[in-house]
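Participant: If you scroll down you'll find the structure; I have some questions about it.
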Amino acid sequence: MSEAINDVGESVETGESAAGKVKKFMFINRKSPYGTIYALESLEVVLISAAFDQDVSLAFFDDGVYQLVKGQKTQGIGIKNHSPTYRALDGYDIEKLYVEKESMELRGLTTEDLLVPVQQLSRGELSKLIDTQDVVLSF
Amino acid sequence: MPMLHTVNKSPFYTYTLESCLDRAREGSAVLLIEDGVYSAMRGTPIERRMVEAMKKLAIYVLGPDLEARGMTYDRVVSGVKVVDYGGFVDLAAQHNNVQSWL
Amino acid sequence: MALVVNGQAIETDEEGYLANRSDWTEQVATEMAKIDNASLEPNHWEVINFLREYYEEYQIAPAVRVLTKAIGKKLGPDKGNSKYLYELFPYGPAKQACKYAGLPKPTGCV
């Protein structure tokens with residue numbers, strides 16, 4: 001892709017590819033919130049990606065659905081609670097959050113247990129959606 | 001007392017819990033910590049495994065790790081005992097040895 | 001960077017951001033501004049306090065675009081624009097105001 005980012009965060013054309021073509025980026029989150037650093041790293045990259053005015057969506061499946069569980073209180077384990085940041089995504093114009101129904105059910109969770117509004121998709125629907133993306137980033 | 005086993009992995013992510021439960025000897029204790037606490041939640045296929053395991057093992061779960069993950073105590077499988085860090089230390093002291101399943 | 005408030009040294013990183021968010025007081029903000037040859041007026045405080053509330057709620061310092069939009073929503077369009085915010089904080093509203101607010105550097109700022 002011959003695109004670059006200028007210093008005010010706008011995408012600029014540097015080659016013959018279609019100027020300013022918005023690409024579909026999907027971030028896939030499959031890890032629990034505190035067991036590894038993946039969840040936090042993904043969230044940071046998502047926030048940075050928002051500066052580039054692309055079509056960003058987030059998918060949560062496997063243990064990734066645990067990232068969105070509400071009521072996380074981390075004082076006892078001495079780790080920063082980054083879950084409130086998912087509620088800031090809306091302000092970053094990141095509004096497409098998907099959770100996989102099968103992953104939720106396996107863990108005894110419903111969308112009521114989550115701290116942000118999400119769209120719940122079946123495994124098949126989500127796989128189909130992932131197939132339509134231009135860029136897929138896995139965490 | 002015999003061994004205290006600790007498990008710190010999600011049962012949906014690795015086989016560690018099964019591996020531990022299959023090998024822990026009768027009368028020993030299993031303490032679920034970090035992502036291991038997800039094993040203690042009701043309404044999952046692991047619940048039945050936990051109930052079965054409690055016939056020969058004592059199962060504990062670390063409270064601060066539950067709270068961090070938004071898992072409330074009322075969702076813990078009945079019979080699994082919630083302990084704090086002090087309880088963790090007591091368990092370690094009461095048992096002959098600790099085996100950490102990583 | 002040496003930041004001294006009431007004769008007490010406050011730890012900062014090499015860019016002047018507070019090492020410990022809990023060290024923040026209004027006086028700390030005033031002293032930080034002095035280092036940049038700036039003085040803080042009510043309009044500055046409005047933004048600084050907004051940032052502190054934002055951080056309290058979301059646990060991040062907002063990107064400048066997000067800050068501008070959110071300020072506009074809360075304080076009106078005459079304040080929710082880059083011109084107004086850059087006049088208040090010429091080093092960049094997100095970066096400079098976050099620093100005075102005792103927050104970390106906004107995610108995505110390079």
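Residues are named by chain letter and number: chains run A, B, ... in the order of the structure tokens, numbers start at 1 in each chain, and ligands are numbered from 1 in the order shown.
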Which residues are close to segment 69-78 of chain A, i.e. within 8 Å by only C-alpha atoms, leaving aside same-chain residues fewer than 4 positions away? Reply as a PyMOL selection string.
Facilitator: (chain A and resi 65+83+113-115) or (chain B and resi 64-65+67-71)
Participant: Contacts of Ile48 of chain C at 12 Å or less, counting only C-alpha atoms, minus same-chain residues fewer than 3 places along, as a ChimeraX atom specification?
Facilitator: /C:24-26,29-30,33,40-45,51-55,61,67,71,85,88-89,93-103
Participant: Would you give me, as an MDAnalysis selection string, the residues in chain B that DSSP reads as strand (DSSP E)?
Facilitator: chainID B and resid 4:7 29:32 58:62 81:83 98:101
Participant: Next, dump the selected residues to file, keeping only C-alpha atoms, as an mmCIF file, in the first residue's frame.
Facilitator:
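Output below, filename selection.cif:
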```cif
data_model
loop_
_atom_site.group_PDB
_atom_site.id
_atom_site.type_symbol
_atom_site.label_atom_id
_atom_site.label_comp_id
_atom_site.auth_asym_id
_atom_site.auth_seq_id
_atom_site.Cartn_x
_atom_site.Cartn_y
_atom_site.Cartn_z
ATOM 1 C CA LEU B 4 -1.136 -27.957 47.666
ATOM 2 C CA HIS B 5 -1.539 -27.540 43.913
ATOM 3 C CA THR B 6 -1.896 -24.112 42.317
ATOM 4 C CA VAL B 7 -3.317 -23.618 38.812
ATOM 5 C CA ALA B 29 -5.827 -29.205 47.848
ATOM 6 C CA VAL B 30 -6.068 -27.187 44.663
ATOM 7 C CA LEU B 31 -5.904 -23.393 44.755
ATOM 8 C CA LEU B 32 -7.043 -21.557 41.633
ATOM 9 C CA ALA B 58 -10.423 -29.440 48.521
ATOM 10 C CA ILE B 59 -10.765 -26.619 45.998
ATOM 11 C CA TYR B 60 -9.932 -22.989 46.806
ATOM 12 C CA VAL B 61 -9.965 -19.829 44.711
ATOM 13 C CA LEU B 62 -8.078 -16.586 45.317
ATOM 14 C CA LYS B 81 -13.829 -21.789 49.097
ATOM 15 C CA VAL B 82 -12.687 -18.221 48.462
ATOM 16 C CA VAL B 83 -9.444 -17.248 50.228
ATOM 17 C CA VAL B 98 3.367 -26.805 46.837
ATOM 18 C CA GLN B 99 3.167 -27.827 43.216
ATOM 19 C CA SER B 100 2.612 -24.910 40.814
ATOM 20 C CA TRP B 101 0.983 -25.979 37.590
#
```
Participant: Would you list the contacts of segment 99-107 of chain A as JSON, numbers by chain, taking every protein, DNA or RNA residue within 9 Å and counting only C-alpha atoms, but skipping same-chain residues closer than 2 positions in sequence?
Facilitator: {"A": [58, 59, 60, 61, 62, 63, 64, 65, 66, 97, 109, 110, 111, 118, 119, 120, 121, 122, 123, 125, 126], "B": [12, 38, 41, 42, 43, 44, 45]}
Participant: Using only C-alpha atoms, which residue out of C:Lys69, C:Leu75, C:Ser82, C:Gln8 lies closest to chain A?
Facilitator: C:Lys69
Participant: Residues of chain A were defined as contacting chain C if any atom lay at most 9 Å from it, counting only C-alpha atoms; please report them as a PyMOL selection string.
Facilitator: chain A and resi 44-45+47-51+80-88+91-93
Participant: Smallest atom-to-atom distance to Gln54 of chain A: which of A:Val22, A:Ile79, A:Leu137, A:Ala39, using only C-alpha atoms?
Facilitator: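 Closest residue, counting only C-alpha atoms: A:Val22.
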Participant: Mind pulling up the distance from atom CA of Val37 of chain B to atom CA of Ser138 of chain A?
Facilitator: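 These two atoms are separated by 24.5 Å.
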